[in-house]
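Structure file query_25.csv (CSV, C-alpha atoms) follows.
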```csv
chain,number,residue,atom,x,y,z
A,1,MET,CA,74.3,-24.1,17.5
A,2,THR,CA,71.7,-24.5,20.2
A,3,ARG,CA,72.5,-21.1,21.6
A,4,TYR,CA,72.1,-19.7,18.1
A,5,TYR,CA,68.7,-21.2,17.5
A,6,ARG,CA,67.5,-20.1,20.9
A,7,LEU,CA,68.6,-16.5,20.0
A,8,VAL,CA,66.7,-16.7,16.7
A,9,ARG,CA,63.6,-18.0,18.5
A,10,TRP,CA,63.7,-15.1,21.0
A,11,LEU,CA,64.2,-12.6,18.1
A,12,VAL,CA,61.2,-13.9,16.2
A,13,LEU,CA,59.1,-13.8,19.3
A,14,ALA,CA,60.2,-10.2,20.0
A,15,LEU,CA,59.4,-9.3,16.4
A,16,LEU,CA,55.9,-10.7,16.7
A,17,LEU,CA,55.2,-9.0,20.0
A,18,ALA,CA,56.4,-5.7,18.4
A,19,LEU,CA,54.0,-6.2,15.5
A,20,LEU,CA,50.9,-6.9,17.7
A,21,PRO,CA,50.0,-3.2,18.3
A,22,ALA,CA,50.5,-2.5,14.7
A,23,VAL,CA,48.0,-5.2,13.7
A,24,ALA,CA,45.5,-3.9,16.3
A,25,LEU,CA,45.9,-0.4,15.0
A,26,ALA,CA,45.4,-1.6,11.4
A,27,GLN,CA,42.1,-3.2,12.4
A,28,ASP,CA,40.9,0.0,14.0
A,29,ASP,CA,41.9,2.3,11.2
A,30,GLY,CA,38.3,3.2,10.4
A,31,THR,CA,37.9,0.5,7.8
A,32,ILE,CA,34.3,-0.6,7.7
A,33,THR,CA,33.8,-4.3,7.1
A,34,ASP,CA,31.1,-5.7,4.8
A,35,ASP,CA,29.4,-7.2,7.9
A,36,GLU,CA,29.1,-3.8,9.4
A,37,VAL,CA,27.7,-2.4,6.2
A,38,ASN,CA,25.2,-5.3,5.9
A,39,GLU,CA,24.1,-4.9,9.5
A,40,VAL,CA,22.7,-1.5,8.4
A,41,ALA,CA,21.8,-2.6,4.8
A,42,LYS,CA,19.5,-5.4,6.0
A,43,ASP,CA,17.2,-2.7,7.3
A,44,LEU,CA,16.9,-1.1,4.0
A,45,TYR,CA,15.3,-2.2,0.7
A,46,CYS,CA,16.5,-2.0,-2.8
A,47,PRO,CA,15.2,1.2,-4.5
A,48,VAL,CA,14.7,-0.4,-7.9
A,49,CYS,CA,13.7,-4.0,-7.3
A,50,GLU,CA,10.7,-5.4,-5.5
A,51,SER,CA,11.0,-6.5,-1.9
A,52,THR,CA,14.8,-7.2,-1.9
A,53,PRO,CA,16.8,-6.3,1.2
A,54,LEU,CA,19.7,-4.1,0.4
A,55,ASP,CA,22.3,-6.5,1.9
A,56,VAL,CA,21.5,-9.3,-0.6
A,57,CYS,CA,20.6,-7.1,-3.6
A,58,PRO,CA,22.9,-7.6,-6.6
A,59,THR,CA,22.1,-4.5,-8.6
A,60,GLN,CA,24.5,-1.6,-9.2
A,61,ALA,CA,22.1,0.8,-7.4
A,62,CYS,CA,22.3,-1.3,-4.3
A,63,ALA,CA,26.0,-1.6,-4.5
A,64,ASP,CA,26.2,2.2,-4.7
A,65,TRP,CA,23.9,2.5,-1.6
A,66,ARG,CA,26.1,0.0,0.3
A,67,GLU,CA,29.2,2.0,-0.5
A,68,LEU,CA,27.4,5.1,0.7
A,69,ILE,CA,26.6,3.3,4.0
A,70,ARG,CA,30.3,2.4,4.3
A,71,THR,CA,31.3,6.0,3.8
A,72,LYS,CA,28.8,7.3,6.3
A,73,LEU,CA,29.8,4.7,9.0
A,74,ALA,CA,33.5,5.5,8.4
A,75,ALA,CA,32.7,9.2,8.9
A,76,GLY,CA,31.4,8.3,12.3
A,77,GLU,CA,27.7,8.3,11.7
A,78,THR,CA,25.6,5.9,13.7
A,79,ARG,CA,23.3,3.2,12.3
A,80,GLN,CA,20.3,5.4,13.1
A,81,ASP,CA,21.9,8.4,11.4
A,82,VAL,CA,22.4,6.4,8.2
A,83,LEU,CA,18.8,5.0,8.2
A,84,ASP,CA,17.4,8.6,8.8
A,85,TYR,CA,19.5,9.9,5.9
A,86,PHE,CA,18.2,7.2,3.5
A,87,ALA,CA,14.6,7.8,4.7
A,88,ARG,CA,15.0,11.5,4.1
A,89,GLN,CA,16.7,11.1,0.8
A,90,TYR,CA,14.7,8.3,-0.7
A,91,GLY,CA,11.5,8.2,1.3
A,92,ASP,CA,10.2,5.9,4.1
A,93,GLY,CA,9.5,3.2,1.5
A,94,VAL,CA,13.2,2.1,1.6
A,95,LEU,CA,13.0,1.3,5.3
A,96,ALA,CA,12.4,-2.3,6.4
A,97,ASP,CA,10.5,-0.9,9.4
A,98,PRO,CA,8.9,2.4,8.2
A,99,PRO,CA,7.8,4.9,10.9
A,100,ARG,CA,4.2,4.5,11.9
A,101,HIS,CA,2.4,7.6,10.7
A,102,GLY,CA,0.1,8.4,7.9
A,103,ALA,CA,-1.0,5.6,5.6
A,104,SER,CA,1.3,3.0,7.2
A,105,LEU,CA,-0.2,3.7,10.6
A,106,VAL,CA,-3.7,3.2,9.3
A,107,VAL,CA,-2.9,0.0,7.3
A,108,LEU,CA,-0.6,-1.7,9.8
A,109,TRP,CA,-2.1,-0.7,13.1
A,110,VAL,CA,-5.5,0.9,13.0
A,111,LEU,CA,-7.1,-1.4,10.4
A,112,PRO,CA,-6.2,-4.8,12.2
A,113,VAL,CA,-7.4,-3.4,15.5
A,114,LEU,CA,-10.6,-2.2,14.0
A,115,VAL,CA,-11.2,-5.6,12.3
A,116,VAL,CA,-10.6,-7.5,15.6
A,117,LEU,CA,-12.9,-5.1,17.5
A,118,LEU,CA,-15.6,-5.5,14.9
A,119,GLY,CA,-15.2,-9.3,15.0
A,120,ALA,CA,-15.4,-9.4,18.8
A,121,LEU,CA,-18.5,-7.1,18.7
A,122,LEU,CA,-20.2,-9.4,16.2
A,123,PHE,CA,-19.3,-12.5,18.1
A,124,ALA,CA,-20.6,-11.0,21.4
A,125,ARG,CA,-23.8,-10.0,19.7
A,126,LEU,CA,-24.3,-13.4,18.2
A,127,LEU,CA,-23.7,-15.1,21.6
A,128,ARG,CA,-26.1,-12.7,23.3
A,129,SER,CA,-28.9,-13.3,20.8
A,130,MET,CA,-28.4,-17.1,21.1
A,131,ARG,CA,-28.5,-16.9,24.8
A,132,ALA,CA,-31.6,-14.7,24.9
A,133,THR,CA,-33.7,-16.7,22.5
A,134,GLY,CA,-32.4,-20.2,22.1
A,135,PRO,CA,-33.1,-22.3,19.1
A,136,ALA,CA,-36.5,-23.6,20.2
A,137,ALA,CA,-37.8,-20.3,21.5
A,138,THR,CA,-36.9,-18.9,18.1
A,139,VAL,CA,-39.3,-21.4,16.5
A,140,ALA,CA,-42.1,-20.6,18.9
A,141,GLY,CA,-41.4,-16.9,18.6
A,142,MET,CA,-41.6,-17.2,14.8
A,143,THR,CA,-45.1,-18.7,14.9
A,144,GLY,CA,-46.3,-16.6,17.9
A,145,THR,CA,-49.3,-19.0,18.3
A,146,VAL,CA,-49.7,-22.7,18.4
A,147,THR,CA,-52.9,-24.2,17.3
A,148,THR,CA,-54.5,-27.1,18.9
A,149,GLY,CA,-56.3,-28.2,15.8
A,150,THR,CA,-58.0,-31.5,16.7
A,151,ALA,CA,-56.0,-32.0,19.9
A,152,THR,CA,-58.1,-33.3,22.7
A,153,THR,CA,-57.1,-30.5,25.1
A,154,SER,CA,-55.6,-27.2,24.6
A,155,THR,CA,-53.5,-27.7,27.7
A,156,VAL,CA,-51.4,-30.2,25.9
A,157,ALA,CA,-50.6,-27.9,23.1
A,158,THR,CA,-49.9,-24.9,25.3
A,159,GLY,CA,-47.8,-27.0,27.5
A,160,MET,CA,-45.7,-28.1,24.6
A,161,ALA,CA,-45.4,-24.5,23.4
A,162,THR,CA,-44.1,-23.5,26.8
A,163,THR,CA,-41.3,-26.0,26.5
A,164,GLY,CA,-40.7,-24.6,23.1
A,165,MET,CA,-42.1,-27.6,21.1
A,166,ALA,CA,-44.3,-27.0,18.1
A,167,THR,CA,-47.1,-29.5,17.7
A,168,THR,CA,-47.4,-31.5,14.6
A,169,GLY,CA,-49.8,-34.2,13.3
A,170,THR,CA,-53.2,-33.5,14.6
A,171,ALA,CA,-52.3,-29.9,15.4
A,172,ALA,CA,-52.1,-27.9,12.2
A,173,SER,CA,-52.3,-24.3,11.3
A,174,PRO,CA,-55.5,-23.2,9.5
A,175,PRO,CA,-54.8,-22.7,5.8
A,176,ARG,CA,-54.2,-19.1,4.9
A,177,ALA,CA,-56.3,-17.3,2.3
A,178,ASP,CA,-53.6,-17.8,-0.4
A,179,GLU,CA,-53.2,-21.4,0.5
A,180,ARG,CA,-56.9,-22.0,0.3
A,181,ARG,CA,-56.9,-20.4,-3.1
A,182,GLY,CA,-54.1,-22.7,-4.1
A,183,ASP,CA,-55.9,-25.7,-2.9
A,184,GLU,CA,-59.1,-24.8,-4.8
A,185,ALA,CA,-57.0,-24.3,-8.0
A,186,LEU,CA,-55.4,-27.6,-7.5
A,187,ASP,CA,-58.7,-29.3,-7.0
A,188,ASP,CA,-60.1,-27.7,-10.1
A,189,TYR,CA,-57.0,-28.8,-12.0
A,190,ILE,CA,-57.2,-32.4,-10.8
A,191,ALA,CA,-61.0,-32.5,-11.6
A,192,ARG,CA,-60.3,-31.2,-15.1
A,193,VAL,CA,-57.5,-33.8,-15.7
A,194,GLU,CA,-59.8,-36.6,-14.5
A,195,ARG,CA,-62.6,-35.4,-16.8
A,196,GLU,CA,-60.2,-35.3,-19.7
A,197,LEU,CA,-58.9,-38.8,-18.9
A,198,LYS,CA,-62.5,-40.2,-18.8
A,199,GLU,CA,-63.3,-38.6,-22.2
B,1,MET,CA,-62.4,-27.7,15.1
B,2,SER,CA,-59.4,-25.5,15.3
B,3,GLU,CA,-58.8,-22.9,17.8
B,4,THR,CA,-55.9,-20.5,18.2
B,5,ILE,CA,-54.6,-19.8,21.6
B,6,PRO,CA,-51.9,-17.3,22.5
B,7,THR,CA,-48.7,-19.0,23.7
B,8,PRO,CA,-47.1,-18.0,27.0
B,9,THR,CA,-43.9,-17.4,25.1
B,10,THR,CA,-45.2,-14.0,23.9
B,11,PRO,CA,-43.3,-11.6,26.3
B,12,PRO,CA,-44.9,-8.5,27.8
B,13,ALA,CA,-44.5,-5.4,25.6
B,14,ALA,CA,-42.3,-3.4,28.0
B,15,GLU,CA,-39.6,-6.1,28.4
B,16,PRO,CA,-37.9,-6.2,25.0
B,17,ALA,CA,-37.4,-2.4,25.0
B,18,LYS,CA,-35.3,-2.7,28.2
B,19,ALA,CA,-33.4,-5.7,26.9
B,20,ARG,CA,-32.6,-4.1,23.6
B,21,ARG,CA,-31.2,-0.8,24.9
B,22,PRO,CA,-27.5,-1.9,25.1
B,23,LEU,CA,-28.0,-3.9,21.9
B,24,ARG,CA,-28.9,-0.7,20.0
B,25,LEU,CA,-25.6,0.9,21.1
B,26,SER,CA,-23.7,-2.1,19.9
B,27,ILE,CA,-25.5,-2.0,16.6
B,28,ILE,CA,-24.6,1.7,16.2
B,29,LEU,CA,-21.0,0.9,17.0
B,30,LEU,CA,-21.1,-2.0,14.6
B,31,TRP,CA,-22.3,0.1,11.8
B,32,VAL,CA,-19.9,2.9,12.5
B,33,GLY,CA,-17.1,0.2,12.4
B,34,VAL,CA,-18.3,-1.3,9.2
B,35,ILE,CA,-18.6,2.1,7.5
B,36,ALA,CA,-15.2,3.1,8.7
B,37,LEU,CA,-13.7,-0.2,7.4
B,38,ILE,CA,-15.4,0.2,4.0
B,39,ALA,CA,-14.1,3.8,3.8
B,40,LEU,CA,-10.6,2.7,4.7
B,41,LEU,CA,-10.7,-0.1,2.1
B,42,GLY,CA,-12.0,2.3,-0.5
B,43,TRP,CA,-9.3,4.8,0.3
B,44,GLY,CA,-6.7,2.1,0.0
B,45,LEU,CA,-8.2,0.9,-3.3
B,46,LEU,CA,-8.2,4.5,-4.7
B,47,ASN,CA,-4.6,4.9,-3.7
B,48,SER,CA,-3.5,1.6,-5.2
B,49,THR,CA,-5.3,2.3,-8.5
B,50,ALA,CA,-3.8,5.8,-8.9
B,51,THR,CA,-2.5,5.7,-12.4
B,52,ARG,CA,0.5,7.4,-13.9
B,53,PRO,CA,-0.1,10.7,-15.7
B,54,GLU,CA,-0.7,10.1,-19.3
B,55,VAL,CA,-0.4,12.0,-22.5
B,56,GLY,CA,-3.0,14.8,-22.7
B,57,GLN,CA,-3.2,15.1,-18.9
B,58,GLN,CA,-2.0,18.0,-16.8
B,59,ALA,CA,1.6,17.3,-15.6
B,60,PRO,CA,1.6,17.0,-11.8
B,61,ASP,CA,3.4,19.8,-10.1
B,62,PHE,CA,6.5,19.2,-7.9
B,63,ASP,CA,9.3,21.1,-6.3
B,64,VAL,CA,13.0,20.6,-7.0
B,65,GLU,CA,16.2,21.7,-5.2
B,66,PHE,CA,19.0,21.6,-7.8
B,67,PHE,CA,22.3,20.0,-7.2
B,68,ASP,CA,25.1,22.2,-6.1
B,69,GLY,CA,26.4,24.2,-9.1
B,70,TYR,CA,23.1,23.8,-11.0
B,71,ASP,CA,20.2,26.2,-11.3
B,72,TRP,CA,17.4,27.3,-13.5
B,73,ASP,CA,16.9,30.9,-14.4
B,74,GLY,CA,19.2,31.8,-11.5
B,75,ARG,CA,17.2,29.9,-9.0
B,76,THR,CA,18.5,27.0,-6.8
B,77,THR,CA,14.9,25.7,-6.2
B,78,ALA,CA,12.0,25.7,-8.6
B,79,ASN,CA,8.6,24.3,-9.2
B,80,LEU,CA,7.1,22.9,-12.4
B,81,ALA,CA,4.4,25.6,-12.3
B,82,ASP,CA,7.2,28.2,-12.5
B,83,MET,CA,8.2,26.7,-15.9
B,84,ARG,CA,4.7,27.3,-17.4
B,85,GLY,CA,5.0,29.0,-20.8
B,86,GLN,CA,8.1,26.8,-21.6
B,87,VAL,CA,8.4,23.4,-23.1
B,88,VAL,CA,9.7,21.1,-20.3
B,89,VAL,CA,11.7,17.9,-21.1
B,90,LEU,CA,11.5,16.1,-17.7
B,91,ASN,CA,14.0,13.3,-17.7
B,92,PHE,CA,14.4,10.7,-14.9
B,93,TRP,CA,17.9,9.1,-14.8
B,94,ALA,CA,20.5,7.6,-12.5
B,95,SER,CA,24.2,7.2,-12.6
B,96,TRP,CA,23.9,3.4,-12.3
B,97,CYS,CA,21.6,3.3,-15.4
B,98,VAL,CA,23.4,2.0,-18.4
B,99,GLU,CA,20.8,3.2,-21.0
B,100,CYS,CA,21.0,6.7,-19.5
B,101,ARG,CA,24.6,7.0,-20.7
B,102,ASP,CA,23.3,6.9,-24.3
B,103,GLU,CA,20.7,9.6,-24.0
B,104,THR,CA,22.5,12.1,-21.7
B,105,PRO,CA,24.7,13.6,-24.5
B,106,MET,CA,21.5,13.9,-26.7
B,107,LEU,CA,19.7,15.7,-23.9
B,108,GLU,CA,22.6,18.0,-23.4
B,109,ALA,CA,22.7,18.7,-27.1
B,110,ALA,CA,19.0,19.5,-27.1
B,111,TRP,CA,19.4,21.8,-24.2
B,112,GLN,CA,22.2,23.7,-26.0
B,113,ARG,CA,20.0,23.9,-29.1
B,114,TYR,CA,16.7,24.9,-27.6
B,115,ALA,CA,17.5,26.6,-24.3
B,116,GLY,CA,17.1,30.1,-25.8
B,117,GLN,CA,13.8,29.2,-27.5
B,118,GLY,CA,11.8,28.5,-24.4
B,119,VAL,CA,12.7,24.9,-23.6
B,120,VAL,CA,13.8,23.6,-20.2
B,121,VAL,CA,15.5,20.2,-20.0
B,122,LEU,CA,15.2,19.1,-16.4
B,123,GLY,CA,17.1,16.1,-15.1
B,124,VAL,CA,15.8,14.3,-12.0
B,125,ALA,CA,18.2,11.8,-10.5
B,126,TYR,CA,16.2,8.8,-9.3
B,127,ALA,CA,17.4,6.7,-6.3
B,128,ASP,CA,20.9,7.8,-6.9
B,129,VAL,CA,23.8,8.5,-4.6
B,130,GLU,CA,24.7,12.2,-4.8
B,131,PRO,CA,28.5,12.0,-5.3
B,132,ASN,CA,27.8,9.5,-8.1
B,133,SER,CA,25.3,11.8,-9.7
B,134,LEU,CA,27.7,14.7,-9.6
B,135,ALA,CA,30.5,12.6,-11.0
B,136,TYR,CA,28.2,11.4,-13.8
B,137,MET,CA,27.2,14.9,-14.7
B,138,LYS,CA,30.8,16.0,-14.7
B,139,GLU,CA,31.7,13.0,-16.9
B,140,PHE,CA,29.1,14.0,-19.5
B,141,GLY,CA,29.6,17.8,-19.1
B,142,VAL,CA,26.0,18.2,-18.3
B,143,SER,CA,24.9,21.8,-18.0
B,144,PHE,CA,21.1,21.6,-18.0
B,145,PRO,CA,19.3,21.9,-14.6
B,146,HIS,CA,19.6,18.8,-12.5
B,147,ALA,CA,18.0,17.9,-9.1
B,148,PRO,CA,17.9,14.8,-6.9
B,149,ASP,CA,14.4,13.2,-6.4
B,150,LEU,CA,14.2,13.9,-2.7
B,151,GLY,CA,12.1,11.2,-1.0
B,152,THR,CA,11.4,9.8,-4.5
B,153,ASP,CA,8.4,12.1,-4.4
B,154,ILE,CA,8.6,13.1,-8.1
B,155,SER,CA,9.1,9.6,-9.4
B,156,GLN,CA,6.2,8.3,-7.3
B,157,THR,CA,4.0,11.1,-8.5
B,158,TYR,CA,4.8,10.3,-12.1
B,159,GLU,CA,4.7,6.5,-11.4
B,160,ILE,CA,7.8,5.9,-13.4
B,161,THR,CA,8.5,2.3,-14.3
B,162,GLY,CA,12.3,2.7,-14.3
B,163,VAL,CA,15.0,4.9,-15.7
B,164,PRO,CA,15.5,6.4,-18.2
B,165,GLU,CA,12.0,7.8,-18.6
B,166,THR,CA,11.1,11.2,-20.1
B,167,PHE,CA,7.9,13.3,-20.0
B,168,ILE,CA,7.7,16.1,-22.6
B,169,ILE,CA,5.3,18.8,-21.3
B,170,ASP,CA,3.9,21.7,-23.4
B,171,LYS,CA,3.7,25.4,-22.5
B,172,ASP,CA,0.4,24.9,-20.8
B,173,GLY,CA,1.7,22.1,-18.6
B,174,ILE,CA,0.0,19.3,-20.5
B,175,ILE,CA,2.0,16.1,-21.1
B,176,ARG,CA,2.5,15.6,-24.8
B,177,HIS,CA,4.9,12.7,-24.9
B,178,VAL,CA,6.0,9.9,-22.6
B,179,GLN,CA,9.1,8.0,-23.4
B,180,ILE,CA,9.9,4.8,-21.5
B,181,GLY,CA,13.5,4.1,-22.2
B,182,ALA,CA,16.1,6.4,-23.8
B,183,VAL,CA,15.1,9.4,-26.0
B,184,ASN,CA,17.0,10.1,-29.2
B,185,THR,CA,17.9,13.2,-31.1
B,186,ALA,CA,15.4,12.6,-34.0
B,187,MET,CA,12.5,12.2,-31.5
B,188,LEU,CA,13.5,15.4,-29.7
B,189,ASP,CA,13.9,17.4,-32.9
B,190,GLN,CA,10.5,16.3,-34.0
B,191,ILE,CA,8.5,16.9,-30.8
B,192,ILE,CA,10.1,20.0,-29.4
B,193,PRO,CA,9.7,22.3,-32.5
B,194,GLN,CA,6.0,21.2,-32.8
B,195,LEU,CA,5.4,22.2,-29.2
B,196,LEU,CA,7.3,25.4,-29.5
B,197,ALA,CA,5.2,26.3,-32.6
B,198,GLN,CA,1.9,25.9,-30.7
```

For this file, write the structure as structure tokens.
Amino acid sequence: MTRYYRLVRWLVLALLLALLPAVALAQDDGTITDDEVNEVAKDLYCPVCESTPLDVCPTQACADWRELIRTKLAAGETRQDVLDYFARQYGDGVLADPPRHGASLVVLWVLPVLVVLLGALLFARLLRSMRATGPAATVAGMTGTVTTGTATTSTVATGMATTGMATTGTAASPPRADERRGDEALDDYIARVERELKE
Amino acid sequence: MSETIPTPTTPPAAEPAKARRPLRLSIILLWVGVIALIALLGWGLLNSTATRPEVGQQAPDFDVEFFDGYDWDGRTTANLADMRGQVVVLNFWASWCVECRDETPMLEAAWQRYAGQGVVVLGVAYADVEPNSLAYMKEFGVSFPHAPDLGTDISQTYEITGVPETFIIDKDGIIRHVQIGAVNTAMLDQIIPQLLAQ
């Protein structure tokens, strides 16, 4: 009995060993797996739905496209060959990574670079103008002159102006013509109101 | 008593010109950049707002290369402009489109009925796989000219919203009817004779 079982064991082992090359051949018979198809399909987009990669798209159109990928891979075409075929047949819009020419080059590459360059230029210009003038100098530059008004000495006022400080209090700008006109009108108005109140 | 004195902050006249020279170049560059940016945005906006051709408008021209075994007037390639003087029934379809299966026999019947009277029924397969398109046409015994929409150029030009979709174009190349969804025999028999009579 033991001899018989041993013989059966050896026969089974021999049979399995004989089947191994057949199994290996069966796996390499040109059958393209779903994973291999999806490896290409993930770089393509559904032709009829918005922003859906082909490998996860449930429509019949996508299923047809995946079958076409399988057929082309089985015929020995490379991944790039298949992508090129789809771009040629259905346009660059079906590619997940469309070639950079024409409108896509401008929108995806030129425009962002242009925006960054413009921003840098604006920032540099702003920095330069801030460095050149400074906030206080801007105030002095705006007035151009500083009046001493009733200040005891003009030296004080000019000294303050040098340091970029505008004088206040006793130092005041002389009223401009329109301000003077405004003051006179206000005085007239107050006088009229007072007169009316007395009456 | 007020007196105005000039402040020492007022720079000499020659200095600012020197300092501003590089600044002017940057301003020019800045403006060029801003104008280019606005032009680009405007161009993008114009492209995005391009509308589909409507009834009463000239039908946009396009080229087609017919499927193997199909032709128009003995030609394997054609152009919409070549069909001027004929009523053109431009039909977008696909083998995966369920609704298309209802209208294809009607289009074939219309082609059989009106072909000799100056009507072209032109099928354009949208986003379809060629073997499936050919199998579909064989299944329905389609004999009217059929072509794939290479690069989806034609469907993009006509801004189709899906399939089936049909544009009926008169002898002068003006779009006279747009059908979103399947056409039917009654509709074709009403529109085509009217356009032939014009």

For this session: Grab the CA of Gln156 in chain B to CA of Arg52 in chain B distance for me, in Å with one decimal place.
Result: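 So the two atoms, CA of Gln156 in chain B and CA of Arg52 in chain B, lie 8.8 Å apart.
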
Problem set entry | Closest of A:Gly119, A:Pro58, A:Pro47, A:Gly30 to chain B - atom-to-atom distances counting all atoms listed in the file |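 Nearest candidate to chain B out of A:Gly119, A:Pro58, A:Pro47, A:Gly30: A:Pro47.
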
For this session: Just give me the gap between CA of Asn38 in chain A and CA of Phe92 in chain B in Å, one decimal is fine.
Result: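 Interatomic distance, CA of Asn38 in chain A to CA of Phe92 in chain B: 28.4 Å.
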
Seminar exercise, completed: Counting all atoms listed in the file, the residue among B:Leu45, B:Leu195, B:Val163, B:Ile28 that lies closest to Glu99 in chain B is B:Val163

Seminar exercise, completed: Using only C-alpha atoms, the shortest atom-to-atom distance to chain A among B:Asp63, B:Ile160, B:Phe144, B:Ala127 belongs to B:Ala127
